[in-house]
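Structure data (mmCIF, C-alpha atoms) from start_36.cif:
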data_run
loop_
_atom_site.label_atom_id
_atom_site.label_comp_id
_atom_site.auth_asym_id
_atom_site.auth_seq_id
_atom_site.Cartn_x
_atom_site.Cartn_y
_atom_site.Cartn_z
CA MET A 1 0.00 0.00 0.00
CA GLN A 2 1.00 3.64 -0.54
CA ASN A 3 0.23 5.87 2.45
CA GLY A 4 -0.21 9.65 2.52
CA ASN A 5 1.86 11.85 4.79
CA SER A 6 -0.96 13.03 7.01
CA ALA A 7 -1.33 10.99 10.19
CA ASN A 8 -5.08 11.49 10.55
CA ASN A 9 -6.19 11.74 6.92
CA SER A 10 -3.77 9.49 5.09
CA ILE A 11 -4.89 8.35 1.65
CA ILE A 12 -4.18 4.70 0.99
CA HIS A 13 -3.80 3.52 -2.59
CA PRO A 14 -3.21 -0.15 -3.42
CA ALA A 15 -0.59 -1.40 -5.86
CA GLY A 16 -3.46 -2.48 -8.06
CA PHE A 17 -6.74 -4.38 -8.38
CA TYR A 18 -7.88 -7.85 -9.42
CA ILE A 19 -10.59 -8.00 -12.10
CA VAL A 20 -12.97 -10.82 -11.09
CA GLY A 21 -16.20 -10.06 -12.99
CA LEU A 22 -17.37 -12.77 -15.42
CA SER A 23 -14.88 -15.25 -13.88
CA SER A 24 -17.70 -17.63 -12.92
CA VAL A 25 -19.39 -17.48 -16.35
CA PRO A 26 -19.24 -20.89 -18.08
CA TYR A 27 -17.01 -20.98 -21.16
CA ILE A 28 -15.84 -17.40 -20.57
CA ASN A 29 -12.76 -18.07 -22.71
CA ILE A 30 -15.00 -18.87 -25.70
CA TYR A 31 -16.99 -15.69 -25.10
CA VAL A 32 -13.81 -13.59 -24.98
CA MET A 33 -12.57 -15.25 -28.19
CA PHE A 34 -15.88 -14.23 -29.79
CA LEU A 35 -15.31 -10.65 -28.59
CA THR A 36 -11.78 -10.85 -30.01
CA VAL A 37 -13.23 -11.73 -33.43
CA LEU A 38 -15.59 -8.75 -33.10
CA PHE A 39 -12.59 -6.60 -32.20
CA VAL A 40 -10.62 -7.68 -35.29
CA ILE A 41 -13.64 -6.93 -37.51
CA THR A 42 -14.07 -3.58 -35.75
CA VAL A 43 -10.45 -2.58 -36.35
CA ILE A 44 -10.48 -3.64 -40.02
CA CYS A 45 -13.82 -1.99 -40.85
CA ASN A 46 -13.21 1.27 -38.99
CA VAL A 47 -9.68 1.70 -40.34
CA PHE A 48 -11.03 0.99 -43.83
CA LEU A 49 -13.84 3.55 -43.39
CA ILE A 50 -11.48 6.21 -42.00
CA THR A 51 -9.04 5.58 -44.87
CA ILE A 52 -11.74 5.98 -47.53
CA ILE A 53 -12.99 9.22 -45.98
CA TYR A 54 -9.47 10.59 -45.52
CA TYR A 55 -8.20 9.91 -49.05
CA ASP A 56 -11.37 10.66 -51.04
CA HIS A 57 -11.65 14.45 -51.14
CA ARG A 58 -15.25 14.19 -52.36
CA LEU A 59 -16.12 12.89 -48.88
CA HIS A 60 -14.57 15.88 -47.13
CA VAL A 61 -17.99 17.25 -46.18
CA PRO A 62 -19.58 17.75 -42.73
CA LYS A 63 -21.57 14.50 -42.79
CA PHE A 64 -18.51 12.32 -43.40
CA MET A 65 -16.39 14.33 -40.99
CA ALA A 66 -18.93 13.21 -38.38
CA VAL A 67 -18.88 9.63 -39.70
CA GLY A 68 -15.07 9.55 -39.61
CA ASN A 69 -15.11 10.93 -36.07
CA LEU A 70 -17.50 8.16 -35.01
CA ALA A 71 -15.27 5.52 -36.64
CA LEU A 72 -12.22 6.84 -34.74
CA VAL A 73 -14.16 6.80 -31.46
CA ASP A 74 -15.35 3.23 -32.15
CA LEU A 75 -11.79 2.12 -32.86
CA ILE A 76 -10.37 3.51 -29.62
CA LEU A 77 -13.36 2.40 -27.51
CA SER A 78 -13.01 -1.25 -28.52
CA THR A 79 -9.21 -1.06 -28.10
CA SER A 80 -9.66 0.14 -24.52
CA LEU A 81 -11.52 -3.08 -23.65
CA VAL A 82 -10.62 -6.15 -25.69
CA PRO A 83 -6.81 -6.39 -25.28
CA ALA A 84 -7.28 -6.10 -21.51
CA MET A 85 -9.98 -8.82 -21.56
CA ILE A 86 -7.65 -11.11 -23.52
CA LYS A 87 -5.01 -10.60 -20.82
CA ILE A 88 -7.49 -11.27 -18.00
CA TYR A 89 -9.51 -14.21 -19.33
CA LEU A 90 -7.31 -15.91 -21.92
CA LEU A 91 -3.83 -15.27 -20.47
CA LEU A 92 -5.28 -15.60 -16.91
CA ASP A 93 -3.57 -12.47 -15.59
CA ASN A 94 -6.29 -10.43 -13.86
CA PHE A 95 -4.06 -7.99 -11.94
CA VAL A 96 -4.14 -4.35 -13.07
CA SER A 97 -1.88 -1.74 -11.49
CA PHE A 98 -3.57 1.23 -9.82
CA LYS A 99 -2.41 3.81 -12.38
CA LEU A 100 -3.21 1.58 -15.35
CA CYS A 101 -6.64 0.97 -13.84
CA LEU A 102 -7.36 4.71 -13.82
CA VAL A 103 -6.09 5.03 -17.40
CA GLN A 104 -8.44 2.28 -18.61
CA MET A 105 -11.32 3.80 -16.66
CA PHE A 106 -10.70 7.16 -18.31
CA MET A 107 -10.33 5.66 -21.80
CA TYR A 108 -13.52 3.61 -21.58
CA TYR A 109 -15.80 6.29 -20.15
CA ASN A 110 -14.31 9.05 -22.26
CA PHE A 111 -14.94 7.17 -25.50
CA VAL A 112 -18.36 5.86 -24.46
CA SER A 113 -19.28 9.50 -23.80
CA LEU A 114 -17.79 10.52 -27.15
CA GLU A 115 -19.75 7.71 -28.82
CA SER A 116 -22.97 9.12 -27.41
CA PHE A 117 -22.17 12.68 -28.50
CA SER A 118 -20.89 11.51 -31.91
CA ILE A 119 -24.25 9.87 -32.63
CA CYS A 120 -25.85 13.12 -31.46
CA ILE A 121 -23.70 15.12 -33.92
CA LEU A 122 -24.91 12.89 -36.77
CA SER A 123 -28.53 13.67 -35.82
CA TYR A 124 -27.67 17.39 -36.01
CA ASP A 125 -26.29 16.83 -39.52
CA ARG A 126 -29.49 15.03 -40.60
CA PHE A 127 -31.67 17.76 -39.06
CA ILE A 128 -29.90 20.52 -41.01
CA ALA A 129 -29.96 18.50 -44.26
CA ILE A 130 -33.71 17.75 -44.11
CA CYS A 131 -35.21 20.73 -42.25
CA LEU A 132 -32.99 23.49 -43.71
CA PRO A 133 -31.85 22.13 -47.10
CA LEU A 134 -31.50 25.55 -48.77
CA ARG A 135 -29.27 26.85 -45.96
CA GLN A 136 -27.39 23.59 -45.33
CA GLU A 137 -24.13 24.64 -46.99
CA SER A 138 -24.01 27.97 -45.16
CA ILE A 139 -25.00 26.59 -41.73
CA ASN A 140 -23.30 23.19 -41.65
CA THR A 141 -19.81 23.98 -42.97
CA ASN A 142 -16.67 21.89 -42.56
CA THR A 143 -15.25 24.51 -40.20
CA ARG A 144 -18.34 24.53 -38.01
CA MET A 145 -18.44 20.73 -37.89
CA ALA A 146 -14.75 20.68 -36.91
CA TYR A 147 -15.49 23.15 -34.09
CA ILE A 148 -18.41 21.05 -32.85
CA ILE A 149 -16.38 17.83 -32.87
CA GLY A 150 -13.41 19.55 -31.22
CA ALA A 151 -15.60 21.10 -28.51
CA VAL A 152 -17.18 17.73 -27.71
CA TRP A 153 -13.76 16.05 -27.45
CA LEU A 154 -12.42 18.78 -25.15
CA PHE A 155 -15.54 18.69 -22.94
CA CYS A 156 -15.50 14.89 -22.55
CA ILE A 157 -11.75 14.74 -21.92
CA PHE A 158 -11.85 17.52 -19.31
CA MET A 159 -14.87 16.11 -17.44
CA LEU A 160 -13.54 12.54 -17.45
CA ILE A 161 -10.07 13.59 -16.27
CA TYR A 162 -11.74 15.45 -13.38
CA THR A 163 -14.02 12.51 -12.54
CA VAL A 164 -11.41 9.76 -12.74
CA THR A 165 -8.74 11.69 -10.82
CA SER A 166 -11.29 12.27 -8.04
CA ILE A 167 -10.65 8.63 -7.12
CA LEU A 168 -7.14 9.68 -6.04
CA THR A 169 -8.72 11.40 -3.02
CA VAL A 170 -10.25 8.20 -1.56
CA SER A 171 -8.56 5.34 0.27
CA PHE A 172 -8.82 1.62 -0.41
CA CYS A 173 -8.59 -0.47 2.74
CA TYR A 174 -10.67 -3.57 2.05
CA SER A 175 -11.00 -5.99 -0.87
CA LEU A 176 -9.09 -5.31 -4.09
CA GLU A 177 -11.40 -7.45 -6.27
CA VAL A 178 -13.28 -5.43 -8.89
CA ASN A 179 -16.57 -7.08 -9.83
CA SER A 180 -16.51 -6.10 -13.50
CA TYR A 181 -14.71 -7.06 -16.70
CA PHE A 182 -12.54 -3.92 -16.60
CA CYS A 183 -11.62 -1.13 -14.16
CA ASP A 184 -15.18 0.12 -13.92
CA PHE A 185 -15.85 3.34 -11.98
CA ALA A 186 -18.65 2.15 -9.67
CA PRO A 187 -17.18 -1.30 -8.78
CA VAL A 188 -13.81 0.33 -8.01
CA LEU A 189 -15.44 3.03 -5.89
CA LEU A 190 -17.31 0.37 -3.90
CA LEU A 191 -13.92 -0.82 -2.61
CA ALA A 192 -13.12 2.57 -1.04
CA CYS A 193 -13.32 2.97 2.72
CA ASN A 194 -13.90 6.69 3.32
CA ASP A 195 -16.49 9.27 2.28
CA MET A 196 -17.24 8.89 -1.43
CA THR A 197 -20.29 11.17 -1.69
CA HIS A 198 -18.61 13.64 -4.05
CA GLN A 199 -17.40 10.87 -6.37
CA TRP A 200 -20.81 9.15 -6.47
CA ILE A 201 -22.63 12.42 -7.23
CA LEU A 202 -20.07 13.33 -9.89
CA GLY A 203 -20.15 9.91 -11.55
CA THR A 204 -23.96 9.66 -11.50
CA THR A 205 -24.45 13.20 -12.82
CA LEU A 206 -22.00 12.73 -15.67
CA SER A 207 -23.42 9.32 -16.61
CA MET A 208 -26.91 10.82 -16.85
CA ALA A 209 -25.63 13.87 -18.76
CA PHE A 210 -23.66 11.82 -21.29
CA ILE A 211 -26.70 9.65 -22.04
CA VAL A 212 -29.81 11.76 -21.36
CA VAL A 213 -28.63 15.03 -22.95
CA PRO A 214 -27.61 13.53 -26.35
CA LEU A 215 -30.65 11.22 -26.41
CA THR A 216 -32.99 14.15 -25.67
CA PHE A 217 -31.33 16.20 -28.43
CA ILE A 218 -31.73 13.28 -30.88
CA PHE A 219 -35.40 12.92 -29.89
CA PHE A 220 -36.19 16.59 -30.61
CA THR A 221 -34.20 16.64 -33.87
CA TYR A 222 -36.27 13.72 -35.13
CA ILE A 223 -39.48 15.47 -34.13
CA GLY A 224 -38.29 18.36 -36.31
CA ILE A 225 -37.35 15.95 -39.10
CA LEU A 226 -40.78 14.24 -39.01
CA ILE A 227 -42.57 17.60 -39.10
CA ALA A 228 -40.47 18.64 -42.11
CA VAL A 229 -41.06 15.29 -43.85
CA PHE A 230 -44.85 15.38 -43.42
CA ARG A 231 -44.93 18.90 -44.83
CA MET A 232 -43.41 17.60 -48.07
CA LYS A 233 -46.02 17.30 -50.80
CA ASN A 234 -44.16 14.67 -52.82
CA ASN A 235 -44.24 11.09 -51.46
CA GLN A 236 -40.97 10.28 -53.20
CA SER A 237 -39.29 13.21 -51.43
CA ARG A 238 -40.67 11.97 -48.11
CA TYR A 239 -39.32 8.49 -48.69
CA LYS A 240 -35.93 9.79 -49.79
CA ALA A 241 -35.64 12.05 -46.72
CA LEU A 242 -36.53 9.23 -44.31
CA ALA A 243 -34.21 6.79 -46.11
CA THR A 244 -31.23 9.06 -45.41
CA CYS A 245 -31.97 8.69 -41.67
CA THR A 246 -32.11 4.89 -41.55
CA GLU A 247 -28.39 4.31 -40.93
CA HIS A 248 -28.41 6.88 -38.11
CA LEU A 249 -31.51 5.38 -36.50
CA LEU A 250 -29.80 1.98 -36.55
CA LEU A 251 -26.83 3.48 -34.68
CA VAL A 252 -29.18 5.01 -32.10
CA THR A 253 -30.92 1.66 -31.61
CA PHE A 254 -27.74 -0.40 -31.22
CA PHE A 255 -26.13 2.04 -28.79
CA TYR A 256 -28.92 3.36 -26.58
CA ILE A 257 -31.46 0.51 -26.31
CA PRO A 258 -29.20 -1.92 -24.33
CA ILE A 259 -28.10 0.91 -22.00
CA LEU A 260 -31.72 2.03 -21.42
CA ILE A 261 -32.89 -1.53 -20.73
CA ILE A 262 -30.15 -2.06 -18.13
CA CYS A 263 -30.83 1.34 -16.52
CA ILE A 264 -34.60 0.71 -16.33
CA LEU A 265 -34.14 -2.76 -14.82
CA SER A 266 -31.69 -1.35 -12.27
CA PHE A 267 -34.01 1.57 -11.42
CA PHE A 268 -36.96 -0.75 -10.73
CA GLU A 269 -34.61 -3.06 -8.79
CA VAL A 270 -35.21 -6.05 -11.04
CA PHE A 271 -32.74 -8.54 -9.60
CA TRP A 272 -30.72 -10.73 -11.91
CA ASP A 273 -27.41 -12.49 -11.94
CA PRO A 274 -24.74 -9.72 -11.95
CA ASN A 275 -22.90 -11.62 -14.68
CA VAL A 276 -25.92 -11.22 -16.97
CA GLY A 277 -25.64 -7.44 -16.70
CA LEU A 278 -21.87 -7.56 -17.29
CA VAL A 279 -22.30 -9.76 -20.38
CA CYS A 280 -24.98 -7.41 -21.76
CA LEU A 281 -22.81 -4.34 -21.15
CA SER A 282 -19.68 -5.89 -22.64
CA LEU A 283 -21.61 -7.11 -25.66
CA SER A 284 -23.30 -3.75 -26.30
CA SER A 285 -19.99 -1.91 -25.80
CA LEU A 286 -18.31 -4.00 -28.50
CA ILE A 287 -21.08 -4.79 -30.97
CA THR A 288 -21.84 -1.10 -31.60
CA PRO A 289 -18.28 -0.19 -32.75
CA CYS A 290 -18.35 -3.28 -34.97
CA VAL A 291 -21.66 -2.65 -36.73
CA ASN A 292 -21.35 1.14 -37.12
CA PRO A 293 -18.85 1.08 -40.05
CA ILE A 294 -20.73 -1.82 -41.65
CA ILE A 295 -24.00 0.11 -41.47
CA TYR A 296 -22.43 3.18 -43.05
CA SER A 297 -20.65 1.12 -45.70
CA LEU A 298 -23.79 -0.77 -46.73
CA LYS A 299 -26.49 1.86 -46.19
CA THR A 300 -24.74 4.99 -47.42
CA LYS A 301 -24.71 5.46 -51.19
CA GLU A 302 -21.59 7.66 -51.20
CA ILE A 303 -19.51 5.10 -49.27
CA ARG A 304 -20.74 2.21 -51.45
CA SER A 305 -19.85 4.08 -54.63
CA ARG A 306 -16.36 4.93 -53.29
CA ILE A 307 -15.74 1.29 -52.36
CA HIS A 308 -16.91 0.22 -55.83
CA SER A 309 -14.65 2.82 -57.49
CA LEU A 310 -11.71 1.69 -55.36
CA LEU A 311 -12.20 -1.98 -56.26
CA THR A 312 -12.71 -1.16 -59.93
CA HIS A 313 -9.51 0.93 -59.95
CA LYS A 314 -7.52 -1.86 -58.30
CA LEU A 315 -8.77 -4.42 -60.83
CA SER A 316 -7.91 -2.14 -63.75
CA VAL A 317 -4.42 -1.45 -62.36
CA HIS A 318 -3.73 -5.13 -61.70
CA PRO A 319 -5.26 -7.09 -64.61
CA HIS A 320 -5.16 -10.88 -64.67
CA LYS A 321 -1.81 -12.25 -65.72
CA ASN A 322 -3.38 -14.79 -68.04
CA ALA A 323 -4.85 -11.95 -70.05
CA HIS A 324 -1.43 -11.32 -71.65
#
As C-alpha cells, what does this structure read like?
Amino acid sequence: MQNGNSANNSIIHPAGFYIVGLSSVPYINIYVMFLTVLFVITVICNVFLITIIYYDHRLHVPKFMAVGNLALVDLILSTSLVPAMIKIYLLLDNFVSFKLCLVQMFMYYNFVSLESFSICILSYDRFIAICLPLRQESINTNTRMAYIIGAVWLFCIFMLIYTVTSILTVSFCYSLEVNSYFCDFAPVLLLACNDMTHQWILGTTLSMAFIVVPLTFIFFTYIGILIAVFRMKNNQSRYKALATCTEHLLLVTFFYIPILIICILSFFEVFWDPNVGLVCLSLSSLITPCVNPIIYSLKTKEIRSRIHSLLTHKLSVHPHKNAH
C-alpha cells in the first residue's frame, strides 16, 4: 500500500486491483474469443472507413467528418476493452496496477461518452440537411463541424479527467477485487473505505448527462425531421428524406437501447445475476463499434460508390496475368 503523509487523513492507494467479474461465467474463454473476433472486424472496418474518408476528397464534407469521427471513437473504444480482456480471461492475468486501472477507466468512459455525443452530432447533420436544405451549406460547414467535434472532445476529456482523478482522493482499505470485466468506476469506488459522496454524485451526474442530454437532443431533432417530412407534398421526397436517416436510426438503436434496458431494470430493482448485466454491457460496448462502419458502408450510397470505385480501380491497375 501507498500511504499519505498526514497521520489522521492518510490516503491509501493499493498497488493495483484484481478484475474478477465474469470469472464464474461458463465458457468465458470462448466468449472472450468471440469478442476478439468482433474486435478484429471492428479494427479492419473502422480503419477501412477512416481511410476511404481521408483519401477521397469528395467525402470531405460535414456528414462524413462526423462519420469519420464516429469511426475513430469506435476504434479507440473497442481497443480500450478487448486487449485487456484477452489478458485477463485468456492469459489468466487479472491484476491491473492502480495507475493503469485509472487510465483504462478514463479511456472507456471518455470514448463511451464521445460515442454518445458523436451519434448526437450525426442527428444534427441530418436535421440541417432535411429541415434546412437551402441553408445547409451555409449553416453546416466543414469549419463549423470541426469546431463542434473539437468542442465535444475537449468537454468529454476535461470532465472525465476530473471525474477519474477524483478517485485519487479516496482510500482503499478492504477488498481489491473489482466485480466487473474492466476497471469500472462504480465497482472500483465500492472498494473505497472513506467518504465517497462527491465521487458518487459526480459519476452519476455525468453518466446521466452523457446519455440523457444527447438522447434528448436526438429525440427533438427527429421530431423536427418528421414535421419537415410530413410537410413535403411529394411522397418520393418523403421516402428519400426518411431513407437518409435509416443508418443513423440503426446506430441510435444499437447504442442506446441496451443501455436504457439495463438502466430501467436497475431503477426498478429487477434482480438478476450480476454476470448477466456484465455480459450485456460488454456485448453492447463492442457490438456497436463493430456494426457502425458496416451500417455506413452498406447503407450509405456515397460510401458504397467509393468502395466500388476503389475496387474497380484496383482491378484495372492489376489485370489478370493470363490476359497477356
At a cut-off of 12 Å, using only C-alpha atoms, what residues contact range 213-221 of chain A? Leave out same-chain residues fewer than 5 positions from it and give the result as a short mmCIF file (atom, residue, chain, number, x, y, z; two decimals) with C-alpha atoms, in the coordinates of the input.
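To be explicit, this is the file written out as selection27.cif:
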data_model
loop_
_atom_site.label_atom_id
_atom_site.label_comp_id
_atom_site.auth_asym_id
_atom_site.auth_seq_id
_atom_site.Cartn_x
_atom_site.Cartn_y
_atom_site.Cartn_z
CA SER A 113 -19.28 9.50 -23.80
CA LEU A 114 -17.79 10.52 -27.15
CA GLU A 115 -19.75 7.71 -28.82
CA SER A 116 -22.97 9.12 -27.41
CA PHE A 117 -22.17 12.68 -28.50
CA SER A 118 -20.89 11.51 -31.91
CA ILE A 119 -24.25 9.87 -32.63
CA CYS A 120 -25.85 13.12 -31.46
CA ILE A 121 -23.70 15.12 -33.92
CA LEU A 122 -24.91 12.89 -36.77
CA SER A 123 -28.53 13.67 -35.82
CA TYR A 124 -27.67 17.39 -36.01
CA ASP A 125 -26.29 16.83 -39.52
CA ARG A 126 -29.49 15.03 -40.60
CA PHE A 127 -31.67 17.76 -39.06
CA ILE A 128 -29.90 20.52 -41.01
CA ALA A 129 -29.96 18.50 -44.26
CA ILE A 130 -33.71 17.75 -44.11
CA CYS A 131 -35.21 20.73 -42.25
CA VAL A 152 -17.18 17.73 -27.71
CA THR A 205 -24.45 13.20 -12.82
CA LEU A 206 -22.00 12.73 -15.67
CA SER A 207 -23.42 9.32 -16.61
CA MET A 208 -26.91 10.82 -16.85
CA LEU A 226 -40.78 14.24 -39.01
CA ILE A 227 -42.57 17.60 -39.10
CA ALA A 228 -40.47 18.64 -42.11
CA CYS A 245 -31.97 8.69 -41.67
CA HIS A 248 -28.41 6.88 -38.11
CA LEU A 249 -31.51 5.38 -36.50
CA LEU A 251 -26.83 3.48 -34.68
CA VAL A 252 -29.18 5.01 -32.10
CA THR A 253 -30.92 1.66 -31.61
CA PHE A 255 -26.13 2.04 -28.79
CA TYR A 256 -28.92 3.36 -26.58
CA ILE A 257 -31.46 0.51 -26.31
CA ILE A 259 -28.10 0.91 -22.00
CA LEU A 260 -31.72 2.03 -21.42
#
- Item | Spatial neighbours of Met107 in chain A, max dist 8 Å, all atoms listed in the file, sep filter under 4 positions, as a list in words |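 Listed by chain and then number, they are Leu77, Ser80, Val103 and Phe111 of chain A.
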Taking all atoms of range 247-264 of chain A that the file lists and extending 8 Å past them on each side, where is the centre of the axis-aligned box and how long are its edges? Answer in Å to one decimal, as lines of an AutoDock Vina configuration file.
center_x = -30.4
center_y = 2.4
center_z = -28.6
size_x = 24.5
size_y = 24.9
size_z = 40.6
- Message: Env of range 58-63 of chain A: 12 Å cut, atoms = only C-alpha atoms, seq-sep filter 2 positions within chain, self excluded. Answer as a VMD selection string.
- Response: chain A and resid 49 to 56 65 to 70 118 to 119 121 to 129 136 to 149 244 to 245 248 296 300 to 306
- Residue nearest Cys193 in chain A - candidates A:Tyr181, A:Phe210, A:Phe158, A:Phe172, atoms counted: all atoms listed in the file: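 Distance minimum relative to Cys193 in chain A lands on A:Phe172.
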- Task: Given the file shown, determine the residues that the PyMOL selection byres ((chain A and resi 277) around 12) selects; report them as JSON, numbers by chain.
- Result: {"A": [21, 22, 25, 179, 180, 181, 258, 259, 261, 262, 263, 265, 266, 270, 271, 272, 273, 274, 275, 276, 278, 279, 280, 281, 282, 283, 284]}
- Message: Quick check, in Å to one decimal: how far apart do CA of Thr42 in chain A and CA of Lys87 in chain A lie?
- Response: 18.8 Å
- Task: Tell me which of A:His308, A:Arg135, A:Lys99, A:His57 sits closest to Ile167 in chain A, counting all atoms listed in the file.
- Result: A:Lys99
- Residue neighbourhood Ile295 in chain A, 8 Å, only C-alpha atoms, exclusion window fewer than 4 positions, as an MDAnalysis selection string: chainID A and resid 247 250 291 299:300
- Item | Pairwise distance for CA of Val96 in chain A and CA of Val20 in chain A, rounded to one decimal in Å | 11.1 Å
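Each of A:Val170, A:Ala71, A:Ile294, A:Ile307 was checked against Ile12 in chain A using all atoms listed in the file; the smallest atom-to-atom distance is that of A:Val170.
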- In Å, how far is it from CA of Ile19 in chain A to CA of Leu168 in chain A?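 We find that CA of Ile19 in chain A and CA of Leu168 in chain A lie 19.0 Å from each other.
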- May I have the residues within 10 Å of Trp200 in chain A as a PyMOL selection string, using all atoms listed in the file and disregarding those fewer than 4 positions away in the same chain? chain A and resi 163+185-186+189-190+195-196+204-206
Supply range 286-302 of chain A as a tab-separated table (two decimals), in the coordinates of the input, with N, CA and C atoms built in where the input has gaps.
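Heads up, here's the output in result_9.tsv:
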chain	number	residue	atom	x	y	z
A	286	LEU	N	-19.19	-3.55	-27.43
A	286	LEU	CA	-18.31	-4.00	-28.50
A	286	LEU	C	-19.04	-4.29	-29.81
A	287	ILE	N	-20.34	-4.57	-29.74
A	287	ILE	CA	-21.08	-4.79	-30.97
A	287	ILE	C	-21.29	-3.47	-31.71
A	288	THR	N	-21.60	-2.40	-30.96
A	288	THR	CA	-21.84	-1.10	-31.60
A	288	THR	C	-20.66	-0.61	-32.43
A	289	PRO	N	-19.42	-0.61	-31.90
A	289	PRO	CA	-18.28	-0.19	-32.75
A	289	PRO	C	-18.06	-1.08	-33.95
A	290	CYS	N	-18.52	-2.34	-33.86
A	290	CYS	CA	-18.35	-3.28	-34.97
A	290	CYS	C	-19.36	-3.03	-36.08
A	291	VAL	N	-20.61	-2.78	-35.71
A	291	VAL	CA	-21.66	-2.65	-36.73
A	291	VAL	C	-21.73	-1.25	-37.34
A	292	ASN	N	-21.26	-0.23	-36.60
A	292	ASN	CA	-21.35	1.14	-37.12
A	292	ASN	C	-20.71	1.31	-38.50
A	293	PRO	N	-19.45	0.90	-38.71
A	293	PRO	CA	-18.85	1.08	-40.05
A	293	PRO	C	-19.52	0.21	-41.10
A	294	ILE	N	-20.03	-0.95	-40.70
A	294	ILE	CA	-20.73	-1.82	-41.65
A	294	ILE	C	-22.02	-1.17	-42.11
A	295	ILE	N	-22.75	-0.57	-41.14
A	295	ILE	CA	-24.00	0.11	-41.47
A	295	ILE	C	-23.74	1.25	-42.45
A	296	TYR	N	-22.70	2.05	-42.17
A	296	TYR	CA	-22.43	3.18	-43.05
A	296	TYR	C	-21.86	2.75	-44.39
A	297	SER	N	-21.18	1.61	-44.43
A	297	SER	CA	-20.65	1.12	-45.70
A	297	SER	C	-21.76	0.57	-46.59
A	298	LEU	N	-22.74	-0.10	-45.96
A	298	LEU	CA	-23.79	-0.77	-46.73
A	298	LEU	C	-24.98	0.13	-47.01
A	299	LYS	N	-25.29	1.04	-46.07
A	299	LYS	CA	-26.49	1.86	-46.19
A	299	LYS	C	-26.26	3.22	-46.84
A	300	THR	N	-25.01	3.66	-46.90
A	300	THR	CA	-24.74	4.99	-47.42
A	300	THR	C	-24.25	4.90	-48.86
A	301	LYS	N	-24.99	5.55	-49.75
A	301	LYS	CA	-24.71	5.46	-51.19
A	301	LYS	C	-23.31	5.96	-51.53
A	302	GLU	N	-22.90	7.08	-50.89
A	302	GLU	CA	-21.59	7.66	-51.20
A	302	GLU	C	-20.45	6.71	-50.85
